[in-house]
Structures are given as C-alpha cells and as structure tokens.
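As provided, upload35.cif (mmCIF, C-alpha atoms) reads as follows.
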data_coords
#
loop_
_atom_site.group_PDB
_atom_site.id
_atom_site.type_symbol
_atom_site.label_atom_id
_atom_site.label_comp_id
_atom_site.auth_asym_id
_atom_site.auth_seq_id
_atom_site.Cartn_x
_atom_site.Cartn_y
_atom_site.Cartn_z
ATOM 1 C CA MET A 153 121.583 120.127 117.584
ATOM 2 C CA LYS A 154 120.226 119.132 114.070
ATOM 3 C CA ILE A 155 116.755 120.513 114.699
ATOM 4 C CA PHE A 156 117.587 123.920 113.252
ATOM 5 C CA VAL A 157 118.350 122.249 109.916
ATOM 6 C CA VAL A 158 114.592 122.165 109.311
ATOM 7 C CA LEU A 159 114.751 125.927 108.835
ATOM 8 C CA LEU A 160 116.978 125.480 105.812
ATOM 9 C CA ALA A 161 114.042 123.946 103.989
ATOM 10 C CA VAL A 162 111.906 126.914 104.938
ATOM 11 C CA PHE A 163 114.529 129.479 103.923
ATOM 12 C CA ALA A 164 115.093 127.783 100.578
ATOM 13 C CA SER A 165 111.444 127.349 99.620
ATOM 14 C CA ILE A 166 110.754 130.928 98.461
ATOM 15 C CA SER A 167 113.101 132.839 96.171
ATOM 16 C CA SER A 168 111.429 136.250 96.233
ATOM 17 C CA ILE A 169 109.595 137.746 99.209
ATOM 18 C CA PRO A 170 108.457 141.241 100.229
ATOM 19 C CA ILE A 171 110.241 143.261 102.881
ATOM 20 C CA ALA A 172 108.745 143.137 106.389
ATOM 21 C CA GLN A 173 109.533 144.781 109.692
ATOM 22 C CA PHE A 174 111.778 142.771 112.007
ATOM 23 C CA ASP A 175 109.999 142.423 115.351
ATOM 24 C CA ASP A 176 111.484 140.165 118.046
ATOM 25 C CA ALA A 177 108.234 138.927 119.592
ATOM 26 C CA THR A 178 106.614 138.203 116.229
ATOM 27 C CA PHE A 179 109.763 136.539 114.906
ATOM 28 C CA GLU A 180 109.949 134.258 117.961
ATOM 29 C CA ARG A 181 106.293 133.232 117.709
ATOM 30 C CA GLN A 182 106.490 132.509 114.003
ATOM 31 C CA LEU A 183 109.855 130.744 114.211
ATOM 32 C CA ARG A 184 108.546 128.462 116.950
ATOM 33 C CA SER A 185 105.422 127.668 114.924
ATOM 34 C CA VAL A 186 107.374 126.911 111.729
ATOM 35 C CA ILE A 187 109.788 124.584 113.559
ATOM 36 C CA GLU A 188 106.906 122.759 115.244
ATOM 37 C CA ARG A 189 105.152 122.233 111.903
ATOM 38 C CA GLN A 190 108.279 120.908 110.237
ATOM 39 C CA ARG A 191 108.657 117.989 112.674
ATOM 40 C CA GLN A 192 106.140 116.079 110.521
ATOM 41 C CA ASN A 193 108.688 116.091 107.689
ATOM 42 C CA PHE A 194 111.636 114.794 109.726
ATOM 43 C CA PRO A 195 111.316 111.187 108.402
ATOM 44 C CA CYS A 196 111.185 112.270 104.734
ATOM 45 C CA GLY A 197 113.504 115.243 104.616
ATOM 46 C CA TRP A 198 113.165 118.114 102.150
ATOM 47 C CA PRO A 199 114.332 116.865 98.735
ATOM 48 C CA ASP A 200 113.376 120.106 96.960
ATOM 49 C CA ALA A 201 115.163 122.434 99.398
ATOM 50 C CA GLY A 202 118.324 124.212 98.358
ATOM 51 C CA GLU A 203 120.618 122.969 95.614
ATOM 52 C CA ASN A 204 120.812 119.313 96.655
ATOM 53 C CA GLY A 205 117.912 118.925 99.074
ATOM 54 C CA ILE A 206 118.026 118.066 102.781
ATOM 55 C CA ASP A 207 118.138 114.457 103.932
ATOM 56 C CA PRO A 208 115.769 112.993 106.560
ATOM 57 C CA VAL A 209 116.417 114.148 110.118
ATOM 58 C CA ASP A 210 114.690 111.278 111.949
ATOM 59 C CA PRO A 211 116.330 108.876 111.634
ATOM 60 C CA LEU A 212 119.385 111.081 111.341
ATOM 61 C CA PHE A 213 122.190 109.371 109.411
ATOM 62 C CA VAL A 214 125.785 110.257 110.312
ATOM 63 C CA PRO A 215 128.473 108.586 108.176
ATOM 64 C CA GLU A 216 131.285 108.883 110.708
ATOM 65 C CA VAL A 217 132.213 110.506 113.993
ATOM 66 C CA ILE A 218 135.200 110.034 116.297
ATOM 67 C CA ILE A 219 134.634 109.871 120.062
ATOM 68 C CA GLU A 220 137.407 110.024 122.661
ATOM 69 C CA THR A 221 136.644 108.329 125.988
ATOM 70 C CA ARG A 222 138.966 109.733 128.635
ATOM 71 C CA GLY A 223 139.354 109.014 132.319
ATOM 72 C CA ILE A 224 141.937 108.109 134.949
ATOM 73 C CA GLY A 225 143.911 105.267 133.384
ATOM 74 C CA THR A 226 141.565 105.082 130.391
ATOM 75 C CA ARG A 227 142.034 106.414 126.884
ATOM 76 C CA LEU A 228 139.862 104.993 124.107
ATOM 77 C CA THR A 229 139.325 106.246 120.574
ATOM 78 C CA SER A 230 136.150 105.016 118.887
ATOM 79 C CA VAL A 231 135.450 105.583 115.199
ATOM 80 C CA LEU A 232 131.673 105.291 114.853
ATOM 81 C CA THR A 233 130.290 104.680 111.357
ATOM 82 C CA ASN A 234 126.902 104.337 109.649
ATOM 83 C CA ILE A 235 125.110 105.850 112.623
ATOM 84 C CA ASN A 236 121.330 106.148 112.735
ATOM 85 C CA LEU A 237 119.867 108.342 115.486
ATOM 86 C CA VAL A 238 116.133 107.916 116.114
ATOM 87 C CA GLY A 239 113.860 110.186 118.176
ATOM 88 C CA LEU A 240 114.619 113.788 117.172
ATOM 89 C CA ARG A 241 111.073 114.348 115.898
ATOM 90 C CA ASN A 242 109.880 114.232 119.524
ATOM 91 C CA PHE A 243 111.744 117.399 120.479
ATOM 92 C CA VAL A 244 110.310 119.970 122.887
ATOM 93 C CA ILE A 245 111.159 123.658 122.490
ATOM 94 C CA GLN A 246 111.978 124.868 125.986
ATOM 95 C CA ARG A 247 113.399 128.225 124.984
ATOM 96 C CA LEU A 248 113.571 130.220 121.763
ATOM 97 C CA GLN A 249 114.492 133.893 122.033
ATOM 98 C CA VAL A 250 115.436 136.396 119.340
ATOM 99 C CA ASN A 251 117.362 139.558 120.173
ATOM 100 C CA THR A 252 117.822 141.705 117.087
ATOM 101 C CA ALA A 253 119.759 144.362 118.996
ATOM 102 C CA ALA A 254 122.370 141.780 120.033
ATOM 103 C CA ARG A 255 121.865 139.814 116.790
ATOM 104 C CA THR A 256 121.402 136.493 118.549
ATOM 105 C CA ILE A 257 119.002 133.554 118.679
ATOM 106 C CA SER A 258 119.029 131.716 122.003
ATOM 107 C CA TYR A 259 117.508 128.226 122.171
ATOM 108 C CA ARG A 260 117.058 125.130 124.288
ATOM 109 C CA PHE A 261 115.565 121.875 122.972
ATOM 110 C CA SER A 262 114.960 118.630 124.849
ATOM 111 C CA VAL A 263 114.181 115.078 123.727
ATOM 112 C CA ALA A 264 112.836 112.509 126.190
ATOM 113 C CA GLN A 265 114.122 109.373 124.473
ATOM 114 C CA MET A 266 116.558 108.687 121.630
ATOM 115 C CA SER A 267 118.256 105.543 120.363
ATOM 116 C CA LEU A 268 121.334 105.052 118.238
ATOM 117 C CA THR A 269 122.666 102.154 116.175
ATOM 118 C CA GLY A 270 125.831 101.820 114.131
ATOM 119 C CA SER A 271 129.261 100.234 113.993
ATOM 120 C CA HIS A 272 132.453 100.993 115.895
ATOM 121 C CA ASP A 273 136.193 100.463 115.703
ATOM 122 C CA THR A 274 137.715 101.124 119.125
ATOM 123 C CA ARG A 275 141.355 101.163 120.207
ATOM 124 C CA GLY A 276 143.196 102.304 123.309
ATOM 125 C CA SER A 277 143.949 101.275 126.868
ATOM 126 C CA MET A 278 142.194 100.929 130.225
ATOM 127 C CA ILE A 279 143.113 100.388 133.850
ATOM 128 C CA GLY A 280 144.561 96.880 134.043
ATOM 129 C CA ILE A 281 144.390 96.352 130.260
ATOM 130 C CA SER A 282 147.301 97.823 128.317
ATOM 131 C CA VAL A 283 145.811 97.212 124.869
ATOM 132 C CA VAL A 284 142.102 97.400 124.023
ATOM 133 C CA THR A 285 140.934 96.705 120.472
ATOM 134 C CA GLY A 286 137.489 95.831 119.187
ATOM 135 C CA ASN A 287 135.055 96.409 116.375
ATOM 136 C CA GLY A 288 131.483 95.466 115.591
ATOM 137 C CA PRO A 289 127.917 96.686 116.104
ATOM 138 C CA MET A 290 127.045 99.251 118.744
ATOM 139 C CA THR A 291 123.885 100.690 120.279
ATOM 140 C CA ALA A 292 123.075 103.527 122.655
ATOM 141 C CA THR A 293 120.016 104.917 124.401
ATOM 142 C CA MET A 294 119.725 108.475 125.697
ATOM 143 C CA THR A 295 117.090 109.630 128.183
ATOM 144 C CA ASN A 296 116.067 113.233 128.882
ATOM 145 C CA SER A 297 118.686 114.848 126.657
ATOM 146 C CA TRP A 298 118.955 118.529 125.830
ATOM 147 C CA VAL A 299 120.939 120.961 123.744
ATOM 148 C CA GLU A 300 121.075 124.688 124.292
ATOM 149 C CA GLY A 301 122.993 127.410 122.580
ATOM 150 C CA ILE A 302 123.231 130.874 121.126
ATOM 151 C CA LEU A 303 123.480 131.626 117.406
ATOM 152 C CA HIS A 304 125.197 134.896 116.477
ATOM 153 C CA TRP A 305 124.691 136.683 113.183
ATOM 154 C CA HIS A 306 125.911 139.795 111.388
ATOM 155 C CA THR A 307 124.975 141.515 108.139
ATOM 156 C CA LEU A 308 127.347 141.734 105.196
ATOM 157 C CA PRO A 309 128.559 145.239 104.289
ATOM 158 C CA GLY A 310 126.781 146.699 101.299
ATOM 159 C CA SER A 311 124.186 143.983 100.690
ATOM 160 C CA GLY A 312 122.908 143.680 104.268
ATOM 161 C CA TYR A 313 122.588 139.916 103.823
ATOM 162 C CA MET A 314 122.304 137.923 107.047
ATOM 163 C CA GLN A 315 125.205 135.599 107.954
ATOM 164 C CA PHE A 316 125.742 133.406 111.016
ATOM 165 C CA HIS A 317 129.318 133.517 112.294
ATOM 166 C CA ASP A 318 129.281 131.702 115.645
ATOM 167 C CA GLN A 319 127.275 129.209 117.679
ATOM 168 C CA THR A 320 127.936 128.429 121.335
ATOM 169 C CA THR A 321 126.347 125.162 122.475
ATOM 170 C CA ALA A 322 126.111 122.824 125.454
ATOM 171 C CA ILE A 323 124.648 119.313 125.596
ATOM 172 C CA ASP A 324 123.703 116.943 128.403
ATOM 173 C CA SER A 325 121.669 113.810 129.066
ATOM 174 C CA GLN A 326 120.183 112.397 132.251
ATOM 175 C CA ASN A 327 121.165 108.862 131.300
ATOM 176 C CA VAL A 328 123.207 107.365 128.456
ATOM 177 C CA VAL A 329 123.738 103.626 128.066
ATOM 178 C CA VAL A 330 126.196 102.395 125.427
ATOM 179 C CA ARG A 331 126.788 98.828 124.270
ATOM 180 C CA MET A 332 129.715 97.978 121.980
ATOM 181 C CA GLU A 333 130.336 94.432 120.795
ATOM 182 C CA GLY A 334 133.554 92.867 119.527
ATOM 183 C CA PHE A 335 136.025 92.949 122.424
ATOM 184 C CA GLY A 336 135.982 89.218 123.057
ATOM 185 C CA LEU A 337 136.237 88.145 126.687
ATOM 186 C CA ILE A 338 136.575 91.743 127.934
ATOM 187 C CA THR A 339 133.465 93.079 126.149
ATOM 188 C CA ASN A 340 131.461 93.530 129.357
ATOM 189 C CA THR A 341 134.426 95.110 131.156
ATOM 190 C CA VAL A 342 135.009 97.650 128.379
ATOM 191 C CA ASN A 343 131.328 98.597 128.226
ATOM 192 C CA ARG A 344 131.104 98.988 131.985
ATOM 193 C CA GLN A 345 134.126 101.303 131.988
ATOM 194 C CA ILE A 346 132.767 103.406 129.103
ATOM 195 C CA ASN A 347 129.351 103.817 130.728
ATOM 196 C CA ASP A 348 130.916 104.737 134.073
ATOM 197 C CA LEU A 349 132.866 107.538 132.372
ATOM 198 C CA ILE A 350 130.002 109.071 130.350
ATOM 199 C CA PRO A 351 128.744 111.479 133.084
ATOM 200 C CA GLU A 352 132.309 112.694 133.610
ATOM 201 C CA MET A 353 132.759 113.203 129.863
ATOM 202 C CA LEU A 354 129.554 115.233 129.541
ATOM 203 C CA ALA A 355 130.719 117.495 132.367
ATOM 204 C CA ASP A 356 134.171 117.985 130.830
ATOM 205 C CA PRO A 357 134.589 121.505 129.330
ATOM 206 C CA GLU A 358 137.090 120.122 126.801
ATOM 207 C CA PHE A 359 134.514 117.599 125.552
ATOM 208 C CA GLN A 360 131.841 120.305 125.329
ATOM 209 C CA GLN A 361 134.229 122.493 123.342
ATOM 210 C CA GLU A 362 134.899 119.629 120.915
ATOM 211 C CA ILE A 363 131.144 119.170 120.409
ATOM 212 C CA ASN A 364 130.722 122.905 119.875
ATOM 213 C CA GLU A 365 133.445 122.937 117.216
ATOM 214 C CA ILE A 366 131.874 119.974 115.413
ATOM 215 C CA LEU A 367 128.448 121.641 115.390
ATOM 216 C CA ASN A 368 129.891 124.929 114.151
ATOM 217 C CA SER A 369 131.774 123.217 111.331
ATOM 218 C CA ILE A 370 128.588 121.484 110.164
ATOM 219 C CA MET A 371 125.793 123.930 110.911
ATOM 220 C CA LEU A 372 127.180 127.386 110.132
ATOM 221 C CA PRO A 373 128.125 126.650 106.490
ATOM 222 C CA LEU A 374 124.684 125.106 105.946
ATOM 223 C CA PHE A 375 122.883 128.117 107.371
ATOM 224 C CA ASN A 376 124.975 130.573 105.405
ATOM 225 C CA ASP A 377 124.606 128.719 102.110
ATOM 226 C CA PHE A 378 120.867 129.276 102.310
ATOM 227 C CA MET A 379 120.956 132.720 103.925
ATOM 228 C CA TYR A 380 123.440 134.306 101.529
ATOM 229 C CA HIS A 381 120.870 136.315 99.575
ATOM 230 C CA MET A 382 118.507 137.205 102.432
ATOM 231 C CA THR A 383 118.439 140.204 104.732
ATOM 232 C CA PRO A 384 117.026 139.918 108.279
ATOM 233 C CA GLU A 385 113.883 141.696 107.054
ATOM 234 C CA GLU A 386 113.462 139.158 104.257
ATOM 235 C CA VAL A 387 113.871 136.293 106.710
ATOM 236 C CA ALA A 388 111.141 137.839 108.854
ATOM 237 C CA ALA A 389 108.899 138.165 105.789
ATOM 238 C CA LEU A 390 109.532 134.544 104.826
ATOM 239 C CA LEU A 391 108.612 133.332 108.300
ATOM 240 C CA ASP A 392 105.480 135.474 108.160
ATOM 241 C CA GLU A 393 104.524 133.833 104.851
ATOM 242 C CA GLN A 394 105.139 130.313 106.182
ATOM 243 C CA TYR A 395 103.301 131.119 109.423
ATOM 244 C CA ASN A 396 100.162 132.407 107.688
ATOM 245 C CA ASN A 397 100.229 130.020 104.710
ATOM 246 C CA PRO A 398 101.799 126.764 105.931
ATOM 247 C CA PRO A 399 102.866 124.352 103.175
ATOM 248 C CA PRO A 400 101.014 121.020 102.911
ATOM 249 C CA GLN A 401 102.286 118.018 104.832
ATOM 250 C CA ARG A 402 104.586 115.998 102.594
ATOM 251 C CA CYS A 403 105.515 113.137 104.903
ATOM 252 C CA PHE A 404 103.142 110.673 106.577
ATOM 253 C CA TRP A 405 104.392 108.173 109.134
#
Since I need it in another form, could you write the structure as structure tokens?
Amino acid sequence: MKIFVVLLAVFASISSIPIAQFDDATFERQLRSVIERQRQNFPCGWPDAGENGIDPVDPLFVPEVIIETRGIGTRLTSVLTNINLVGLRNFVIQRLQVNTAARTISYRFSVAQMSLTGSHDTRGSMIGISVVTGNGPMTATMTNSWVEGILHWHTLPGSGYMQFHDQTTAIDSQNVVVRMEGFGLITNTVNRQINDLIPEMLADPEFQQEINEILNSIMLPLFNDFMYHMTPEEVAALLDEQYNNPPPQRCFW
C-alpha cells in the first residue's frame, strides 16, 4: 500500500527535465527499477523530497487508525495508536503494468513477513460478554501478505499536468495473528475471538471498501501534490533520468 510513496521522492528530486516519449514498456521497466532501488532508503526516508520531506517507510509509523471487528454476535471498535509496521522493505513486485491508452497503472506487491507493534483502546461486545473494554500494548504478525490495485490518472485541461483521481485496491494475508493486552481475565478469550474473525473480515467487501477509501484519502493527495507541475511525458523523462543515472545510496542498515 505505502510502497508507491517512494516514487514521491523520485518525482520531487528534479525540478526541470526534458520532454521524452511516453512508451508503456519502457515506462514499466524503468518504474520497476526505480522502485527496487529505493527500497534501500526505506529505513531513512527522503528528508529532502517535496516541501516537508518523506518520513521512513520501514518501519512505517502510523499515528492512529480505527479498526472495526465484526462477526455474528461480535462488534468491537479498536483505536490503534503509535503503530510501527516493520517489513515493507522486503516487498516483491509481482505485477506492474502501465497502460497509457487507458491511463492506468496496475500493480501487485507481496511481503513474506511483517510485524506490527502499538497500543490499543478497544470497546464493544462479544458472544456471551455484553461489555468488552480494554487498553494496552498490542502486536501482530502477518505472513504472505499482498496488495494489488489500479491507479487511474487524467491530465488537466490546458496544462496537460498529470493527476491521479482514483485507486482501486484489495489486500489479503495468508495468516494474521493479533495479540492485545489489557482485558483482564478475558484477555485470551477476546484475542481468540478476534483472530478467528480475521479471515472473515479480509473477505468482507465492506471491509475492503473501507481500506480502499483510507488508501485513497492518504495516497492520492500525496501523489498529486508532487505531480501537479508534471506532464506524463515529463514523468517518463524523469524516470529515464533516474534509471540511467541512479542517485547514490543515502541509507545504510
């Protein structure tokens, strides 16, 4: 999901570039290469990119997110805070396709192993327990996870500048194990119920739509902030420059 943020650093690194022809096959090859090279900078971020820089991506820090756990007889709302997600640098690009005629970028990324730490404040009800409340530390591990989607763009009238206007995504994971502390004597019961419901949640179209809306609200403004003064041809030229003259590694881990 966050992997495409690395491109913001690339797009923001050159202010003036020559015009180049926009060729799908070349664009795909160069885009893939640039993304692969940028994984080395995930732990350090890109402090000189854009107006305020881009924070580290691995670990990825998320200040707050709200998760609804739903199932038969179960309704829990968890406010997760100070989240650190580790493992994104180990992504694998399974698909990356550019279609300039349709003005889309189709992608699929996978990550074999990720871990998450943070805090939670959870409230709701479960089968046999009318009131569930708890707060404290939480952890999660995710195995064989993937995200796929399609980015849609258009060009602004007059200027021809490239703007993204929609992103359709789907996520899944082979195995997710969550542990939340702070429920007292029912801590194990609550965690067992949450973990039992995770596969059902991931398969729920409503949950997938919520994730898609969250990603769109975060990612599209970021992309468009950096793409505002660039045409598709200029983006292609920038990728060509980065592909043939890669910047030096800035982060060592």
For this structure, which residues satisfy the selection - the PyMOL selection byres ((chain A and resi 311) around 10) - when it is evaluated on the file as given? I want them as a ChimeraX atom specification. /A:307-310,312-314,380-383
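Closest approach to His306 (chain A) among A:Arg255, A:His272, A:Arg184, A:Arg331 is made by A:Arg255 (distances from only C-alpha atoms).
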Quick one: which residues end up in the PyMOL selection byres ((chain A and resi 322) around 10) for this structure, as a VMD selection string? chain A and resid 153 260 298 to 302 320 to 321 323 to 324 354 to 355 357 359 to 361 363 to 364
Which residues, written as number ranges by chain, have at least one atom at most 8 Å from region 228-239 of chain A, with all atoms listed in the file counted and residues fewer than 4 positions away on the same chain left out? A: 210-222, 243, 263, 265-278, 284
Could you name the residues that touch Val329 (chain A) at 7 Å or less, counting all atoms listed in the file, but leaving out those on the same chain fewer than 2 positions away, as JSON, numbers by chain? {"A": [292, 293, 294, 327, 331, 347]}
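Counting from CA of Ile370 (chain A), the distance to CA of Val330 (chain A) is 24.6 Å.
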Protein and nucleic acid residues near (124.3, 128.2, 111.2) (cut-off 8 Å, only C-alpha atoms) as a ChimeraX atom specification: /A:303,316-319,368,371-376
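Closest approach to Val244 (chain A) from the set A:Glu188, A:Glu365, A:Asp175, A:Glu386 is made by A:Glu188, with distances taken over all atoms listed in the file.
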Find the residue from A:Ser258, A:Thr339, A:Gln192, A:Thr295 that sits nearest to Gln326 (chain A); use all atoms listed in the file when measuring. A:Thr295
Could you tell me how far CA of Ile338 (chain A) sits from CA of Val283 (chain A), in Å to one decimal place? 11.2 Å
Evaluate the PyMOL selection byres ((chain A and resi 185) around 12) on the structure here and hand back the selected residues as a PyMOL selection string. chain A and resi 159+162+178-184+186-191+245+248+391-398
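The space between CA of Gln401 (chain A) and CA of Ala389 (chain A) spans 21.2 Å.
With all atoms listed in the file as the basis for measurement, A:Thr285 is the residue among A:Thr252, A:Ser262, A:Ser297, A:Thr285 that approaches Leu337 (chain A) most closely.
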Emit as lines of an AutoDock Vina configuration file the padded axis-aligned box for all listed atoms of region 270-274 of chain A, 3 Å per side, with centre and edge lengths in Å to one decimal.
center_x = 131.8
center_y = 101.0
center_z = 116.6
size_x = 17.9
size_y = 7.6
size_z = 11.1
